[in-house]
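Visitor: After the structure tokens below, expect a handful of questions from me.
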Amino acid sequence: MIRSLPHSRPYSLGFKLYVVLFFVFLFSPLAVTCILAFNDSQFPALPWKGFTLEWFTADLPGRVGIFHDAVNLSAIWVSFKVAFWVSIFSTLVGTCGAFLFEQEHFRFKQSLYFLMLAPLVIPGVILGISILLFANTLGMYFENHFNLDVALFRPGFWLVVLGQFSFISTLVTLIVSARLKKFDRSLEEAALNLGANRLQVIWHITLKFLRPALAGAFAVAFLMSFENFNTTLFLVGSEATLPITLYLQVRDGSTPVINAISFLLIMGTSLLALINLTLSRKKG
Amino acid sequence: MQTDRTGKSLPFLMFVTPVLLWLFLLIVLPHIDLLLMSFRSEDDYGNMVWSLVNYINFFGEPIYWETFARTAIYAVLVTLITFAVSLPIAFYITKVASPRHSGFLSLLLLMPFWVSELVRVYGWMILLRESGVVNHFLVRFGLLQQPVEMLYNDITMVMGLVYTSMLFMVVPLISVLDSLDDSLIEAAYDLGGSIFSILPRIIIPHAMPGIVSGGIVVFMLTLGNYLTPNLIGGKNSLWFTEQIYNQFIASFNWNQGAAFGFLLLLLSSSIIWVGLKLTGQTLSRVAQ
């Protein structure tokens, strides 16, 4: 039944088989996507027609590899920029949130904490449309009352950043809070007794202690932003992010270029996840 | 000692200001606006007036509320299937596999979670479509005379939804089962318990916080999913998020879309609330 107890052969064999099948189920779509990125065929399908790197490198008529595909390259660049700003903002605000909920005492703390958790249970589509509506309302207000056309209030780059930031900050707050809970507050008290003020203590001691959690939260925020689809769908303007561009291509038929992009994404995210994991293991 | 005077100090203001701005400007006010917009519509002269017409439309058109009910039922179903599929894996990793393997297995389990949902759905598309890899092998081995379209039906859609959100169930289950003391199971076993009595009486009660938090996340993600039903669910398997999208982007009827959005929000929060009440959990405990 469990490892310390005796168990029958069919039981443990059946269990092993289930686990193997589960992992096959888990990895087969990713494996097939990666393998077919190297198939020398016009379609991402079998039969296997030989190994090629042309879906990455080619610049031929009828076969443009990802490294020469202007539309997808610019979408990747937009996604990078969005993810960069989202991670910066959400790490800053999420850290403030962690300090606020872990170290401060104030009225309505419970209600505010509840509100902070809300983005976890609001579907991404709803966040997208409510922010779109509110931005539109603000835009109309500014136009009617001050005759101002504010670019921020129209679908576009910064609205996407704000939309993703609105729920990724909650994740950052939870990640940083988890680490802050383990902080030994007598260190702070010692520094305060030695004449430091609270800000100096936070800057020199608490933030140093939080550094691995901050790096981890930044990485998680970056990945979450890079692959976000639901919220972005409603806020995107002329600069489409990579998931949006890929979605349109997948919907209207597919070429092995999508496999090549997927391959790069799978490799990139796995690498980032591994680095993040080894760093967090090392520093406990 | 410093706690009683932090109330209005500089650090407190530094922490509270960005958090309040974030929560009020991006969460509270937009959702109030969503609610207000859902009660407004154009009258016969093209002026915006208060009205219930958006909600009347919802209940008047069977296609709308049928899709709504369908989405809710399927989301509950997907959550249950996800739990049934994930529990054995979490149990195996935490209790059955040798400790050396379990670390590696849980690492392996997390890998696909980092990859974009779109890439995972795309993987299923090239596996299962008519010219896909599975059909290729089935025909080659003589199991099928000619390829069959396996995409664009409800079963594939449910499978895709389970696949997409599975990891959000496995991870909390692993963490609660990890904290279950093996000796409890051993004691039950020594007293003559079998897996069928130990599972409902020891394992499930202990795992409840993990089950609830996994269930909430999976349910919410499934209800709000757009990609999977849209790409592998096909034309007649409508999902409610697609109705919202159609109102916003295709019909450009934002007020109708706002009403739909608010109804979906109401549905997800009430089912989550019922789930929490039934199991005696609170949201802040679940978020840990």
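Residue names in the structure tokens use chain letters A, B, ... in the order shown, residue numbers from 1 in each chain, and ligand numbers from 1 in the order shown.
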Output as a count of residues only the set of chain A residues within 7 Å of chain B, with distances taken over only C-alpha atoms.

Guide: 39

Visitor: Which residues come within 9 Å of Val78 (chain B), counting only C-alpha atoms, excluding same-chain residues fewer than 6 positions away, as a PyMOL selection string?

Guide: chain B and resi 158-159+161-162+218-219+222

Visitor: Those residues with N, CA and C atoms, as a PDB file, in the first residue's frame please?

Guide:
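Saved to part_9.pdb:
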ATOM      1  N   VAL B 158     -13.115  17.672 -23.128  1.00  0.00           N
ATOM      2  CA  VAL B 158     -12.985  17.406 -21.693  1.00  0.00           C
ATOM      3  C   VAL B 158     -11.582  16.905 -21.379  1.00  0.00           C
ATOM      4  N   MET B 159     -11.077  16.010 -22.246  1.00  0.00           N
ATOM      5  CA  MET B 159      -9.727  15.503 -22.034  1.00  0.00           C
ATOM      6  C   MET B 159      -8.714  16.654 -22.065  1.00  0.00           C
ATOM      7  N   LEU B 161      -9.257  19.795 -21.414  1.00  0.00           N
ATOM      8  CA  LEU B 161      -9.417  20.656 -20.238  1.00  0.00           C
ATOM      9  C   LEU B 161      -8.793  20.010 -18.999  1.00  0.00           C
ATOM     10  N   VAL B 162      -8.972  18.680 -18.870  1.00  0.00           N
ATOM     11  CA  VAL B 162      -8.347  17.973 -17.754  1.00  0.00           C
ATOM     12  C   VAL B 162      -6.836  18.094 -17.862  1.00  0.00           C
ATOM     13  N   VAL B 218      -8.753  24.577 -10.388  1.00  0.00           N
ATOM     14  CA  VAL B 218      -9.103  23.844 -11.604  1.00  0.00           C
ATOM     15  C   VAL B 218     -10.464  24.298 -12.127  1.00  0.00           C
ATOM     16  N   PHE B 219     -11.425  24.436 -11.218  1.00  0.00           N
ATOM     17  CA  PHE B 219     -12.759  24.851 -11.628  1.00  0.00           C
ATOM     18  C   PHE B 219     -12.725  26.236 -12.270  1.00  0.00           C
ATOM     19  N   THR B 222     -11.025  26.172 -15.655  1.00  0.00           N
ATOM     20  CA  THR B 222     -11.823  25.508 -16.669  1.00  0.00           C
ATOM     21  C   THR B 222     -12.981  26.393 -17.122  1.00  0.00           C
TER      22      THR B 222
END

Visitor: Env of region 66-78 of chain A: 9 Å cut, atoms = only C-alpha atoms, seq-sep filter 5 positions within chain, self excluded. Answer as a list in words.

Guide: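 Neighbouring residues, sequence-local ones excluded: Glu54, Trp55, Phe56, Thr57, Ala58, Asp59, Ala83, Phe157, Phe226, Glu239, Ala240, Thr241, Leu242, Pro243, Ile244, Thr245, Leu246, Val257, Ile258, Ala260 and Ile261 of chain A.
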
Visitor: Now that the selection is made, can you save its residues with N, CA and C atoms as a PDB file, in the first residue's frame?

Guide:
ATOM      1  N   GLU A  54      15.456  23.454 -41.369  1.00  0.00           N
ATOM      2  CA  GLU A  54      14.977  24.570 -42.193  1.00  0.00           C
ATOM      3  C   GLU A  54      13.836  25.337 -41.556  1.00  0.00           C
ATOM      4  N   TRP A  55      13.054  24.686 -40.675  1.00  0.00           N
ATOM      5  CA  TRP A  55      11.958  25.420 -40.025  1.00  0.00           C
ATOM      6  C   TRP A  55      12.473  26.402 -38.995  1.00  0.00           C
ATOM      7  N   PHE A  56      13.770  26.366 -38.742  1.00  0.00           N
ATOM      8  CA  PHE A  56      14.388  27.391 -37.901  1.00  0.00           C
ATOM      9  C   PHE A  56      15.136  28.405 -38.757  1.00  0.00           C
ATOM     10  N   THR A  57      15.905  27.902 -39.744  1.00  0.00           N
ATOM     11  CA  THR A  57      16.904  28.763 -40.378  1.00  0.00           C
ATOM     12  C   THR A  57      16.573  29.184 -41.799  1.00  0.00           C
ATOM     13  N   ALA A  58      15.664  28.476 -42.496  1.00  0.00           N
ATOM     14  CA  ALA A  58      15.492  28.715 -43.933  1.00  0.00           C
ATOM     15  C   ALA A  58      14.909  30.103 -44.210  1.00  0.00           C
ATOM     16  N   ASP A  59      15.244  30.637 -45.379  1.00  0.00           N
ATOM     17  CA  ASP A  59      14.633  31.880 -45.834  1.00  0.00           C
ATOM     18  C   ASP A  59      14.310  31.705 -47.317  1.00  0.00           C
ATOM     19  N   ALA A  83       6.375  41.087 -20.646  1.00  0.00           N
ATOM     20  CA  ALA A  83       6.735  40.273 -19.485  1.00  0.00           C
ATOM     21  C   ALA A  83       7.734  41.003 -18.599  1.00  0.00           C
ATOM     22  N   PHE A 157      -0.335  48.181 -25.697  1.00  0.00           N
ATOM     23  CA  PHE A 157       0.773  47.638 -24.916  1.00  0.00           C
ATOM     24  C   PHE A 157       0.578  47.814 -23.407  1.00  0.00           C
ATOM     25  N   PHE A 226       4.435  35.933 -19.965  1.00  0.00           N
ATOM     26  CA  PHE A 226       4.845  35.567 -21.325  1.00  0.00           C
ATOM     27  C   PHE A 226       3.817  34.667 -21.990  1.00  0.00           C
ATOM     28  N   GLU A 239      -0.123  45.761 -31.347  1.00  0.00           N
ATOM     29  CA  GLU A 239       1.070  44.966 -31.073  1.00  0.00           C
ATOM     30  C   GLU A 239       0.656  43.659 -30.396  1.00  0.00           C
ATOM     31  N   ALA A 240       0.526  42.579 -31.172  1.00  0.00           N
ATOM     32  CA  ALA A 240       0.068  41.313 -30.599  1.00  0.00           C
ATOM     33  C   ALA A 240       1.210  40.628 -29.865  1.00  0.00           C
ATOM     34  N   THR A 241       0.877  39.984 -28.721  1.00  0.00           N
ATOM     35  CA  THR A 241       1.890  39.187 -28.027  1.00  0.00           C
ATOM     36  C   THR A 241       1.971  37.816 -28.701  1.00  0.00           C
ATOM     37  N   LEU A 242       2.989  37.035 -28.328  1.00  0.00           N
ATOM     38  CA  LEU A 242       3.211  35.747 -28.987  1.00  0.00           C
ATOM     39  C   LEU A 242       2.025  34.784 -28.868  1.00  0.00           C
ATOM     40  N   PRO A 243       1.434  34.582 -27.671  1.00  0.00           N
ATOM     41  CA  PRO A 243       0.294  33.649 -27.620  1.00  0.00           C
ATOM     42  C   PRO A 243      -0.855  34.059 -28.541  1.00  0.00           C
ATOM     43  N   ILE A 244      -1.111  35.368 -28.660  1.00  0.00           N
ATOM     44  CA  ILE A 244      -2.197  35.830 -29.522  1.00  0.00           C
ATOM     45  C   ILE A 244      -1.862  35.539 -30.986  1.00  0.00           C
ATOM     46  N   THR A 245      -0.646  35.869 -31.403  1.00  0.00           N
ATOM     47  CA  THR A 245      -0.225  35.607 -32.786  1.00  0.00           C
ATOM     48  C   THR A 245      -0.293  34.117 -33.104  1.00  0.00           C
ATOM     49  N   LEU A 246       0.218  33.302 -32.175  1.00  0.00           N
ATOM     50  CA  LEU A 246       0.214  31.857 -32.399  1.00  0.00           C
ATOM     51  C   LEU A 246      -1.213  31.324 -32.491  1.00  0.00           C
ATOM     52  N   VAL A 257       6.505  25.863 -38.702  1.00  0.00           N
ATOM     53  CA  VAL A 257       7.122  27.002 -38.011  1.00  0.00           C
ATOM     54  C   VAL A 257       6.577  27.092 -36.584  1.00  0.00           C
ATOM     55  N   ILE A 258       5.267  26.799 -36.431  1.00  0.00           N
ATOM     56  CA  ILE A 258       4.677  26.834 -35.091  1.00  0.00           C
ATOM     57  C   ILE A 258       5.346  25.800 -34.199  1.00  0.00           C
ATOM     58  N   ALA A 260       8.425  24.848 -34.536  1.00  0.00           N
ATOM     59  CA  ALA A 260       9.755  25.370 -34.220  1.00  0.00           C
ATOM     60  C   ALA A 260       9.668  26.372 -33.071  1.00  0.00           C
ATOM     61  N   ILE A 261       8.658  27.266 -33.118  1.00  0.00           N
ATOM     62  CA  ILE A 261       8.485  28.233 -32.026  1.00  0.00           C
ATOM     63  C   ILE A 261       8.190  27.500 -30.728  1.00  0.00           C
TER      64      ILE A 261
END

Visitor: Per DSSP on the backbone, what are the helix (DSSP H, G or I) residues of region 37-112 of chain A, as an NGL selection string?

Guide: :A and (54-57 or 66-68 or 70-103 or 109-112)

Visitor: Those residues you just picked out, can you put them in a file as a PDB file, in the first residue's frame with C-alpha atoms?

Guide:
ATOM      1  CA  GLU A  54      14.977  24.570 -42.193  1.00  0.00           C
ATOM      2  CA  TRP A  55      11.958  25.420 -40.025  1.00  0.00           C
ATOM      3  CA  PHE A  56      14.388  27.391 -37.901  1.00  0.00           C
ATOM      4  CA  THR A  57      16.904  28.763 -40.378  1.00  0.00           C
ATOM      5  CA  ILE A  66      11.366  31.171 -37.406  1.00  0.00           C
ATOM      6  CA  PHE A  67      14.640  33.133 -37.429  1.00  0.00           C
ATOM      7  CA  HIS A  68      13.441  34.967 -40.572  1.00  0.00           C
ATOM      8  CA  ALA A  70       9.158  38.841 -39.125  1.00  0.00           C
ATOM      9  CA  VAL A  71       5.618  38.523 -37.711  1.00  0.00           C
ATOM     10  CA  ASN A  72       6.489  35.904 -35.117  1.00  0.00           C
ATOM     11  CA  LEU A  73       9.818  37.504 -34.237  1.00  0.00           C
ATOM     12  CA  SER A  74       8.166  40.826 -33.512  1.00  0.00           C
ATOM     13  CA  ALA A  75       5.467  39.048 -31.446  1.00  0.00           C
ATOM     14  CA  ILE A  76       8.210  37.375 -29.388  1.00  0.00           C
ATOM     15  CA  TRP A  77       9.810  40.778 -28.839  1.00  0.00           C
ATOM     16  CA  VAL A  78       6.481  42.322 -27.739  1.00  0.00           C
ATOM     17  CA  SER A  79       5.935  39.425 -25.319  1.00  0.00           C
ATOM     18  CA  PHE A  80       9.408  39.973 -23.871  1.00  0.00           C
ATOM     19  CA  LYS A  81       8.752  43.661 -23.305  1.00  0.00           C
ATOM     20  CA  VAL A  82       5.345  43.012 -21.733  1.00  0.00           C
ATOM     21  CA  ALA A  83       6.735  40.273 -19.485  1.00  0.00           C
ATOM     22  CA  PHE A  84       9.632  42.505 -18.448  1.00  0.00           C
ATOM     23  CA  TRP A  85       7.400  45.373 -17.287  1.00  0.00           C
ATOM     24  CA  VAL A  86       4.834  43.072 -15.697  1.00  0.00           C
ATOM     25  CA  SER A  87       7.554  41.319 -13.689  1.00  0.00           C
ATOM     26  CA  ILE A  88       9.098  44.621 -12.540  1.00  0.00           C
ATOM     27  CA  PHE A  89       5.788  46.151 -11.446  1.00  0.00           C
ATOM     28  CA  SER A  90       4.327  43.027  -9.898  1.00  0.00           C
ATOM     29  CA  THR A  91       7.526  42.215  -7.980  1.00  0.00           C
ATOM     30  CA  LEU A  92       7.594  45.766  -6.558  1.00  0.00           C
ATOM     31  CA  VAL A  93       3.911  45.908  -5.623  1.00  0.00           C
ATOM     32  CA  GLY A  94       3.734  42.253  -4.570  1.00  0.00           C
ATOM     33  CA  THR A  95       6.656  42.787  -2.177  1.00  0.00           C
ATOM     34  CA  CYS A  96       4.868  45.794  -0.686  1.00  0.00           C
ATOM     35  CA  GLY A  97       1.813  43.569  -0.328  1.00  0.00           C
ATOM     36  CA  ALA A  98       3.816  40.862   1.440  1.00  0.00           C
ATOM     37  CA  PHE A  99       5.237  43.378   3.946  1.00  0.00           C
ATOM     38  CA  LEU A 100       1.821  44.933   4.434  1.00  0.00           C
ATOM     39  CA  PHE A 101       0.050  41.664   5.204  1.00  0.00           C
ATOM     40  CA  GLU A 102       2.872  39.995   7.149  1.00  0.00           C
ATOM     41  CA  GLN A 103       4.301  42.838   9.240  1.00  0.00           C
ATOM     42  CA  LYS A 109      -6.642  44.011   7.203  1.00  0.00           C
ATOM     43  CA  GLN A 110      -8.728  40.863   6.794  1.00  0.00           C
ATOM     44  CA  SER A 111     -11.008  42.418   4.175  1.00  0.00           C
ATOM     45  CA  LEU A 112      -8.058  43.850   2.254  1.00  0.00           C
TER      46      LEU A 112
END

Visitor: Would you list the contacts of Gly233 (chain B) as a list in words, taking every protein, DNA or RNA residue within 6 Å and counting only C-alpha atoms, but skipping same-chain residues closer than 3 positions in sequence?

Guide: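 Answer for this query is Tyr152, Asn153, Met157, Pro229, Asn230 and Ser237 of chain B.
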
Visitor: Set the distance at 12 Å and use only C-alpha atoms: which residues neighbour Ile204 (chain B) once local chain neighbours fewer than 3 positions away are removed? I'd like the list as a PDB file with N, CA and C atoms, in the first residue's frame.

Guide:
ATOM      1  N   PHE B  83      -9.526  15.498 -10.368  1.00  0.00           N
ATOM      2  CA  PHE B  83      -9.215  14.991  -9.031  1.00  0.00           C
ATOM      3  C   PHE B  83      -8.979  13.482  -9.072  1.00  0.00           C
ATOM      4  N   ALA B  84      -9.869  12.746  -9.764  1.00  0.00           N
ATOM      5  CA  ALA B  84      -9.743  11.292  -9.825  1.00  0.00           C
ATOM      6  C   ALA B  84      -8.432  10.871 -10.488  1.00  0.00           C
ATOM      7  N   LEU B  87      -5.212  12.122  -7.936  1.00  0.00           N
ATOM      8  CA  LEU B  87      -4.980  11.557  -6.605  1.00  0.00           C
ATOM      9  C   LEU B  87      -4.007  10.368  -6.612  1.00  0.00           C
ATOM     10  N   PRO B  88      -4.194   9.365  -7.515  1.00  0.00           N
ATOM     11  CA  PRO B  88      -3.236   8.259  -7.511  1.00  0.00           C
ATOM     12  C   PRO B  88      -1.800   8.707  -7.761  1.00  0.00           C
ATOM     13  N   PHE B  91      -0.459  10.341  -4.675  1.00  0.00           N
ATOM     14  CA  PHE B  91      -0.248   9.289  -3.677  1.00  0.00           C
ATOM     15  C   PHE B  91       1.008   8.480  -4.003  1.00  0.00           C
ATOM     16  N   LEU B 173      -2.172  18.535  -3.966  1.00  0.00           N
ATOM     17  CA  LEU B 173      -2.355  17.196  -3.397  1.00  0.00           C
ATOM     18  C   LEU B 173      -1.029  16.644  -2.894  1.00  0.00           C
ATOM     19  N   VAL B 176      -0.214  18.303   0.492  1.00  0.00           N
ATOM     20  CA  VAL B 176      -0.940  17.824   1.689  1.00  0.00           C
ATOM     21  C   VAL B 176      -0.603  16.380   2.015  1.00  0.00           C
ATOM     22  N   LEU B 177      -0.433  15.534   0.985  1.00  0.00           N
ATOM     23  CA  LEU B 177      -0.135  14.128   1.275  1.00  0.00           C
ATOM     24  C   LEU B 177       1.258  13.979   1.876  1.00  0.00           C
ATOM     25  N   LEU B 180       1.082  14.052   5.507  1.00  0.00           N
ATOM     26  CA  LEU B 180       0.359  12.956   6.180  1.00  0.00           C
ATOM     27  C   LEU B 180       1.378  11.956   6.714  1.00  0.00           C
ATOM     28  N   ILE B 185      -1.236   5.509   8.367  1.00  0.00           N
ATOM     29  CA  ILE B 185      -1.671   4.495   7.407  1.00  0.00           C
ATOM     30  C   ILE B 185      -1.233   3.112   7.892  1.00  0.00           C
ATOM     31  N   ILE B 195      -7.118  -0.639   1.540  1.00  0.00           N
ATOM     32  CA  ILE B 195      -7.027   0.647   0.857  1.00  0.00           C
ATOM     33  C   ILE B 195      -8.411   1.286   0.717  1.00  0.00           C
ATOM     34  N   PHE B 196      -9.457   0.431   0.633  1.00  0.00           N
ATOM     35  CA  PHE B 196     -10.802   0.980   0.406  1.00  0.00           C
ATOM     36  C   PHE B 196     -11.407   1.581   1.666  1.00  0.00           C
ATOM     37  N   SER B 197     -10.888   1.195   2.832  1.00  0.00           N
ATOM     38  CA  SER B 197     -11.382   1.857   4.047  1.00  0.00           C
ATOM     39  C   SER B 197     -10.426   2.965   4.481  1.00  0.00           C
ATOM     40  N   ILE B 198      -9.127   2.803   4.160  1.00  0.00           N
ATOM     41  CA  ILE B 198      -8.151   3.820   4.567  1.00  0.00           C
ATOM     42  C   ILE B 198      -8.325   5.094   3.735  1.00  0.00           C
ATOM     43  N   LEU B 199      -8.615   4.905   2.447  1.00  0.00           N
ATOM     44  CA  LEU B 199      -8.736   6.064   1.550  1.00  0.00           C
ATOM     45  C   LEU B 199      -9.814   7.047   2.018  1.00  0.00           C
ATOM     46  N   PRO B 200     -11.082   6.584   2.225  1.00  0.00           N
ATOM     47  CA  PRO B 200     -12.092   7.573   2.629  1.00  0.00           C
ATOM     48  C   PRO B 200     -11.977   8.014   4.084  1.00  0.00           C
ATOM     49  N   ARG B 201     -11.328   7.221   4.951  1.00  0.00           N
ATOM     50  CA  ARG B 201     -11.364   7.578   6.371  1.00  0.00           C
ATOM     51  C   ARG B 201     -10.104   8.250   6.868  1.00  0.00           C
ATOM     52  N   ALA B 207      -6.402  15.143   3.352  1.00  0.00           N
ATOM     53  CA  ALA B 207      -6.045  15.869   2.131  1.00  0.00           C
ATOM     54  C   ALA B 207      -7.048  16.975   1.793  1.00  0.00           C
ATOM     55  N   MET B 208      -8.114  17.139   2.605  1.00  0.00           N
ATOM     56  CA  MET B 208      -9.191  18.063   2.247  1.00  0.00           C
ATOM     57  C   MET B 208      -8.729  19.472   1.857  1.00  0.00           C
ATOM     58  N   PRO B 209      -7.840  20.124   2.637  1.00  0.00           N
ATOM     59  CA  PRO B 209      -7.429  21.478   2.231  1.00  0.00           C
ATOM     60  C   PRO B 209      -6.813  21.494   0.829  1.00  0.00           C
ATOM     61  N   GLY B 210      -6.003  20.490   0.516  1.00  0.00           N
ATOM     62  CA  GLY B 210      -5.389  20.422  -0.807  1.00  0.00           C
ATOM     63  C   GLY B 210      -6.413  20.158  -1.887  1.00  0.00           C
ATOM     64  N   ILE B 211      -7.383  19.272  -1.582  1.00  0.00           N
ATOM     65  CA  ILE B 211      -8.417  18.964  -2.566  1.00  0.00           C
ATOM     66  C   ILE B 211      -9.225  20.218  -2.875  1.00  0.00           C
ATOM     67  N   VAL B 212      -9.574  20.965  -1.819  1.00  0.00           N
ATOM     68  CA  VAL B 212     -10.385  22.165  -2.029  1.00  0.00           C
ATOM     69  C   VAL B 212      -9.610  23.219  -2.816  1.00  0.00           C
ATOM     70  N   THR B 279     -17.097  22.086   2.640  1.00  0.00           N
ATOM     71  CA  THR B 279     -15.936  21.405   3.184  1.00  0.00           C
ATOM     72  C   THR B 279     -15.384  22.112   4.402  1.00  0.00           C
TER      73      THR B 279
END

Visitor: One decimal, in Å: what's the spacing between CA of Thr67 (chain B) and CA of Trp239 (chain B)?

Guide: 6.1 Å
